[in-house]
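Inspection log for the structure reproduced underneath, given as structure tokens.
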Amino acid sequence: MARFEIGERDFLLDGEPVQLVSGALHYFRVHPGLWADRIRKARLMGLNAIETYVPWNFHAPSRGEFRTTGRYDLGRFLDLVAAEGLHAIVRPGPYICAEWDGGGLPAWLFAADDDGRGAAGVRCADPGFLAAIGEYFGALLPIVAKRQVTAGGPVLAVQVENEYGAYGDDPPERREAYLRALVDLLREHLDVPLFTVDQANDHHQSRGGLPELHRMASFGSRATERLAVLRRHQPTGPLMCMEFWNGWFDSWGQHHHVTAPDTNARDLDDLLAAGASVNLYMFHGGTNFGFTNGANDKGTYLPITTSYDYDAPLSEHGAATPKFFAMREVIGRYRDVPDEVPPVAEPAPTLAIPLGQRIPLAQVAGSLGRPVRGDRLLTHDDVGHWSGLSLYATRIRPDDGVITFGEIRDRAIAFVDGAPVGTLSRTLGERTLPLPAVDGELTLLVEDQGRVNYASRIGEAKGLIGPARTTTREVTDWSVTALELEGPDGLLAPAVGGVFAEGSPSSRPVAGPVLCRGEFTSEPGADHFLRLDGWTKGLAWVNGWPLGRYWSHGPTRTMYVPGPVMREHNELVVLELQGASSSQVSFVAEPDLGHDEE
């Protein structure tokens, strides 16, 4: 079997020097019916390896569960990489960041146990955390191990943790103890080289690795300067930029990020000319389907958009971009590139669809979850609800006047006796609501917009955070109903398919929260782009596949519908949380990811 080693100057594959030209491609952000297509296009760009993170919470949404089939089938993904003649690099965390919900750490890690104790710590050598990682690695790593290069598979190397030098303030001995514990857990299953990755500055590089692990760096420009920083901390062996940022992610309410292809190409040329290896982050970004997007909070909470196009060389829908060809030309100076190029993407089918069938969300809420009562304000985490929407309910009195919460995580629409009375937003700092002078029921539809994936707010609970106070009292009598909109396979829950009633003509406005449904015929297997002009905020599913979130806040204006989802006869379900100017939606010929800075 083959051997992959870290030599004094080069990576060595069976003793021969090899320069890795890799690309990040996250199987969890791509429909599994398109994995082979995206991997093949990586080879056509001239890459010789594919890198992927592994999100722990994707595979283990609850403790004791580990999903490995369908869209969760990492083994099949790695087999497809091998079938295309490419190598693989695997980055299993346990923390991955990746603009993914919670940075990949399962929310159940942080929830209180039966004795009321929460997790003592994550990303450290806490025994409870290491025990949970042991369970995770015990389920995951056998899948990787049988596909190591030493076993005839594509996997050359595996990462330990992720940019750990940027995290926390533990003293060096505690940091080293944690990293060595991870190495021990990995070595129970793997024999390929292990490595760490940190940003290319002295502070992070000095804190994020171990002397016995090969250090790599992440950066997106000034390659010569950043490689010199890396060399100070990795005196021998090959240099590698494991995250060459050739684009950037988008957040709701911000602009769409783009970078110039010629600038990326020049930076890549500098890197390869220096003899360094590289992993393009991203080669192909993909989509944050369903509730999987993460969020950042550096003073202002900003959730990540559904599109993870990343302005990558291969677009969200798999089209080769000008950046693809600019980078391909550079790669061709250093290694053989196939003559074949990807075909030009055809325009998608266009059609308009009235979503004439409706059912108020409140009418099916009882089928989507059961209320849990408490004598305090419970969080989503208190009731084991790790993502999505919930309904909070309590009684108000005529003398309450106003209600204010400790925090809103992350957005809430409030109703009194079914009538809307306001919206609260974490991003906008809104946590206080005036109340009508009535004796009635206050309900709040609360949306977890994505768990923070970076820095100190990782692991925080979602939902309404107490105390909840009015002008006269603290409100402690609450019920919380976790709404399970997606089933065990990640698709639309069967309970949503209730008795839809025919709605008003499509030209009339739609009042939310409401589920709207329509049927349509189109071209089976063809990519589609759903546009919801006039709709405000919500989620959409085609044939049960979770397209993700939409929001008039922008920048993204379309939702990607992967071709394998489409049949001749199709169903579209939209959950509109607020309201729409009409029940009409459309499918358009090409994506619209929104305005950029220019």
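If you're wondering about the labels, chains in the structure tokens are A, B, ... by order shown, residues count from 1 in each chain, ligands from 1 in order shown.
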* Excluding same-chain residues fewer than 6 positions from Gly23 (chain A), what lies within 10 Å of it counting only C-alpha atoms, as a ChimeraX atom specification? -> /A:39,42-43,45-52,88-89,242-244,278-284,313
Closest contacts (region 387-459 of chain A/region 485-488 of chain A, max 12 Å, only C-alpha atoms) as a Markdown table:
```
| residue | atom | partner | partner_atom | distance |
| --- | --- | --- | --- | --- |
| A:Ser387 | CA | A:Leu485 | CA | 10.0 |
| A:Gly388 | CA | A:Leu485 | CA | 7.8 |
| A:Leu389 | CA | A:Leu485 | CA | 8.2 |
| A:Ser390 | CA | A:Leu485 | CA | 10.1 |
```
* **Who sits within 7 Å of region 523-536 of chain A, only C-alpha atoms, same chain under 4 positions skipped, as a VMD selection string** => chain A and resid 348 to 349 551 to 552 557 to 568 578 to 582 585 to 591
Mind writing the picked residues with N, CA and C atoms as a PDB file, in the first residue's frame?
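Wrote part-v7.pdb, looks like this:
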```
ATOM      1  N   ALA A 348     -31.498  27.951 -16.298  1.00  0.00           N
ATOM      2  CA  ALA A 348     -32.464  27.102 -15.601  1.00  0.00           C
ATOM      3  C   ALA A 348     -33.873  27.367 -16.125  1.00  0.00           C
ATOM      4  N   PRO A 349     -34.780  26.399 -15.959  1.00  0.00           N
ATOM      5  CA  PRO A 349     -36.175  26.613 -16.362  1.00  0.00           C
ATOM      6  C   PRO A 349     -36.793  27.800 -15.625  1.00  0.00           C
ATOM      7  N   TRP A 551     -34.760  35.639   3.141  1.00  0.00           N
ATOM      8  CA  TRP A 551     -35.005  36.862   3.924  1.00  0.00           C
ATOM      9  C   TRP A 551     -34.883  38.052   2.983  1.00  0.00           C
ATOM     10  N   SER A 552     -35.879  38.903   3.003  1.00  0.00           N
ATOM     11  CA  SER A 552     -35.852  40.102   2.162  1.00  0.00           C
ATOM     12  C   SER A 552     -34.722  41.037   2.559  1.00  0.00           C
ATOM     13  N   ARG A 557     -30.909  36.820  -3.233  1.00  0.00           N
ATOM     14  CA  ARG A 557     -32.266  37.007  -3.755  1.00  0.00           C
ATOM     15  C   ARG A 557     -32.862  35.720  -4.325  1.00  0.00           C
ATOM     16  N   THR A 558     -32.054  34.690  -4.484  1.00  0.00           N
ATOM     17  CA  THR A 558     -32.564  33.419  -5.006  1.00  0.00           C
ATOM     18  C   THR A 558     -32.119  32.286  -4.094  1.00  0.00           C
ATOM     19  N   MET A 559     -32.824  31.164  -4.199  1.00  0.00           N
ATOM     20  CA  MET A 559     -32.474  29.948  -3.467  1.00  0.00           C
ATOM     21  C   MET A 559     -32.157  28.853  -4.476  1.00  0.00           C
ATOM     22  N   TYR A 560     -31.056  28.155  -4.248  1.00  0.00           N
ATOM     23  CA  TYR A 560     -30.629  27.110  -5.161  1.00  0.00           C
ATOM     24  C   TYR A 560     -31.402  25.829  -4.898  1.00  0.00           C
ATOM     25  N   VAL A 561     -31.975  25.256  -5.960  1.00  0.00           N
ATOM     26  CA  VAL A 561     -32.670  23.970  -5.894  1.00  0.00           C
ATOM     27  C   VAL A 561     -31.838  22.957  -6.677  1.00  0.00           C
ATOM     28  N   PRO A 562     -31.150  22.021  -6.011  1.00  0.00           N
ATOM     29  CA  PRO A 562     -30.288  21.067  -6.732  1.00  0.00           C
ATOM     30  C   PRO A 562     -31.086  20.203  -7.699  1.00  0.00           C
ATOM     31  N   GLY A 563     -30.512  19.967  -8.868  1.00  0.00           N
ATOM     32  CA  GLY A 563     -31.191  19.181  -9.892  1.00  0.00           C
ATOM     33  C   GLY A 563     -31.727  17.843  -9.420  1.00  0.00           C
ATOM     34  N   PRO A 564     -30.963  17.064  -8.623  1.00  0.00           N
ATOM     35  CA  PRO A 564     -31.483  15.754  -8.211  1.00  0.00           C
ATOM     36  C   PRO A 564     -32.772  15.819  -7.400  1.00  0.00           C
ATOM     37  N   VAL A 565     -33.105  16.981  -6.869  1.00  0.00           N
ATOM     38  CA  VAL A 565     -34.350  17.130  -6.113  1.00  0.00           C
ATOM     39  C   VAL A 565     -35.563  17.165  -7.043  1.00  0.00           C
ATOM     40  N   MET A 566     -35.349  17.622  -8.287  1.00  0.00           N
ATOM     41  CA  MET A 566     -36.461  17.923  -9.183  1.00  0.00           C
ATOM     42  C   MET A 566     -36.986  16.693  -9.899  1.00  0.00           C
ATOM     43  N   ARG A 567     -38.333  16.626  -9.974  1.00  0.00           N
ATOM     44  CA  ARG A 567     -39.024  15.591 -10.729  1.00  0.00           C
ATOM     45  C   ARG A 567     -39.911  16.278 -11.777  1.00  0.00           C
ATOM     46  N   GLU A 568     -40.644  15.485 -12.533  1.00  0.00           N
ATOM     47  CA  GLU A 568     -41.578  16.097 -13.481  1.00  0.00           C
ATOM     48  C   GLU A 568     -42.708  16.804 -12.733  1.00  0.00           C
ATOM     49  N   GLN A 578     -43.701  36.118   8.370  1.00  0.00           N
ATOM     50  CA  GLN A 578     -44.211  37.466   8.601  1.00  0.00           C
ATOM     51  C   GLN A 578     -45.343  37.831   7.647  1.00  0.00           C
ATOM     52  N   GLY A 579     -45.057  37.898   6.370  1.00  0.00           N
ATOM     53  CA  GLY A 579     -46.090  38.239   5.408  1.00  0.00           C
ATOM     54  C   GLY A 579     -45.501  38.403   4.028  1.00  0.00           C
ATOM     55  N   ALA A 580     -46.355  38.273   3.002  1.00  0.00           N
ATOM     56  CA  ALA A 580     -45.921  38.391   1.616  1.00  0.00           C
ATOM     57  C   ALA A 580     -46.917  39.270   0.867  1.00  0.00           C
ATOM     58  N   SER A 581     -46.423  39.984  -0.138  1.00  0.00           N
ATOM     59  CA  SER A 581     -47.282  40.882  -0.910  1.00  0.00           C
ATOM     60  C   SER A 581     -48.255  40.110  -1.789  1.00  0.00           C
ATOM     61  N   SER A 582     -47.897  38.857  -2.118  1.00  0.00           N
ATOM     62  CA  SER A 582     -48.794  37.967  -2.849  1.00  0.00           C
ATOM     63  C   SER A 582     -48.311  36.548  -2.633  1.00  0.00           C
ATOM     64  N   VAL A 585     -44.703  32.966  -6.492  1.00  0.00           N
ATOM     65  CA  VAL A 585     -43.247  32.833  -6.498  1.00  0.00           C
ATOM     66  C   VAL A 585     -42.823  32.526  -7.926  1.00  0.00           C
ATOM     67  N   SER A 586     -41.517  32.568  -8.174  1.00  0.00           N
ATOM     68  CA  SER A 586     -41.050  32.281  -9.529  1.00  0.00           C
ATOM     69  C   SER A 586     -39.751  31.497  -9.479  1.00  0.00           C
ATOM     70  N   PHE A 587     -39.514  30.763 -10.547  1.00  0.00           N
ATOM     71  CA  PHE A 587     -38.215  30.154 -10.793  1.00  0.00           C
ATOM     72  C   PHE A 587     -37.571  30.920 -11.936  1.00  0.00           C
ATOM     73  N   VAL A 588     -36.312  31.317 -11.753  1.00  0.00           N
ATOM     74  CA  VAL A 588     -35.642  32.185 -12.719  1.00  0.00           C
ATOM     75  C   VAL A 588     -34.448  31.469 -13.330  1.00  0.00           C
ATOM     76  N   ALA A 589     -33.887  32.068 -14.379  1.00  0.00           N
ATOM     77  CA  ALA A 589     -32.885  31.393 -15.207  1.00  0.00           C
ATOM     78  C   ALA A 589     -31.517  31.279 -14.548  1.00  0.00           C
ATOM     79  N   GLU A 590     -31.198  32.185 -13.623  1.00  0.00           N
ATOM     80  CA  GLU A 590     -29.852  32.187 -13.040  1.00  0.00           C
ATOM     81  C   GLU A 590     -29.901  32.723 -11.619  1.00  0.00           C
ATOM     82  N   PRO A 591     -28.866  32.462 -10.835  1.00  0.00           N
ATOM     83  CA  PRO A 591     -28.871  32.924  -9.447  1.00  0.00           C
ATOM     84  C   PRO A 591     -28.668  34.426  -9.347  1.00  0.00           C
TER      85      PRO A 591
END
```
* Determine the nearest neighbour of Cys97 (chain A) from the options A:Thr404, A:Ser425, A:Ser307, A:Asn453, counting only C-alpha atoms. =>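 Closest to Cys97 (chain A), using only C-alpha atoms: A:Asn453.
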* Find the residues near Tyr301 (chain A): any atom within 9 Å, counting only C-alpha atoms, skip ones fewer than 4 places away on the same chain, and give them as a PyMOL selection string. => chain A and resi 295-297+410+426-428+452
With C-alpha atoms retained, could you export that selection as a short mmCIF file (atom, residue, chain, number, x, y, z; two decimals), in the first residue's frame?
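And here is the file that came out, again-v8.cif:
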```
data_model
loop_
_atom_site.label_atom_id
_atom_site.label_comp_id
_atom_site.auth_asym_id
_atom_site.auth_seq_id
_atom_site.Cartn_x
_atom_site.Cartn_y
_atom_site.Cartn_z
CA ALA A 295 -23.45 33.02 12.79
CA ASN A 296 -20.86 35.48 14.02
CA ASP A 297 -21.13 37.83 16.96
CA ASP A 410 -32.43 35.36 17.87
CA ARG A 426 -31.11 40.22 18.61
CA THR A 427 -29.27 41.81 15.68
CA LEU A 428 -31.14 45.10 16.15
CA VAL A 452 -22.43 31.23 16.76
#
```
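The interatomic distance for the pair CA of Gln234 (chain A) and CA of Cys124 (chain A) works out to 23.7 Å.
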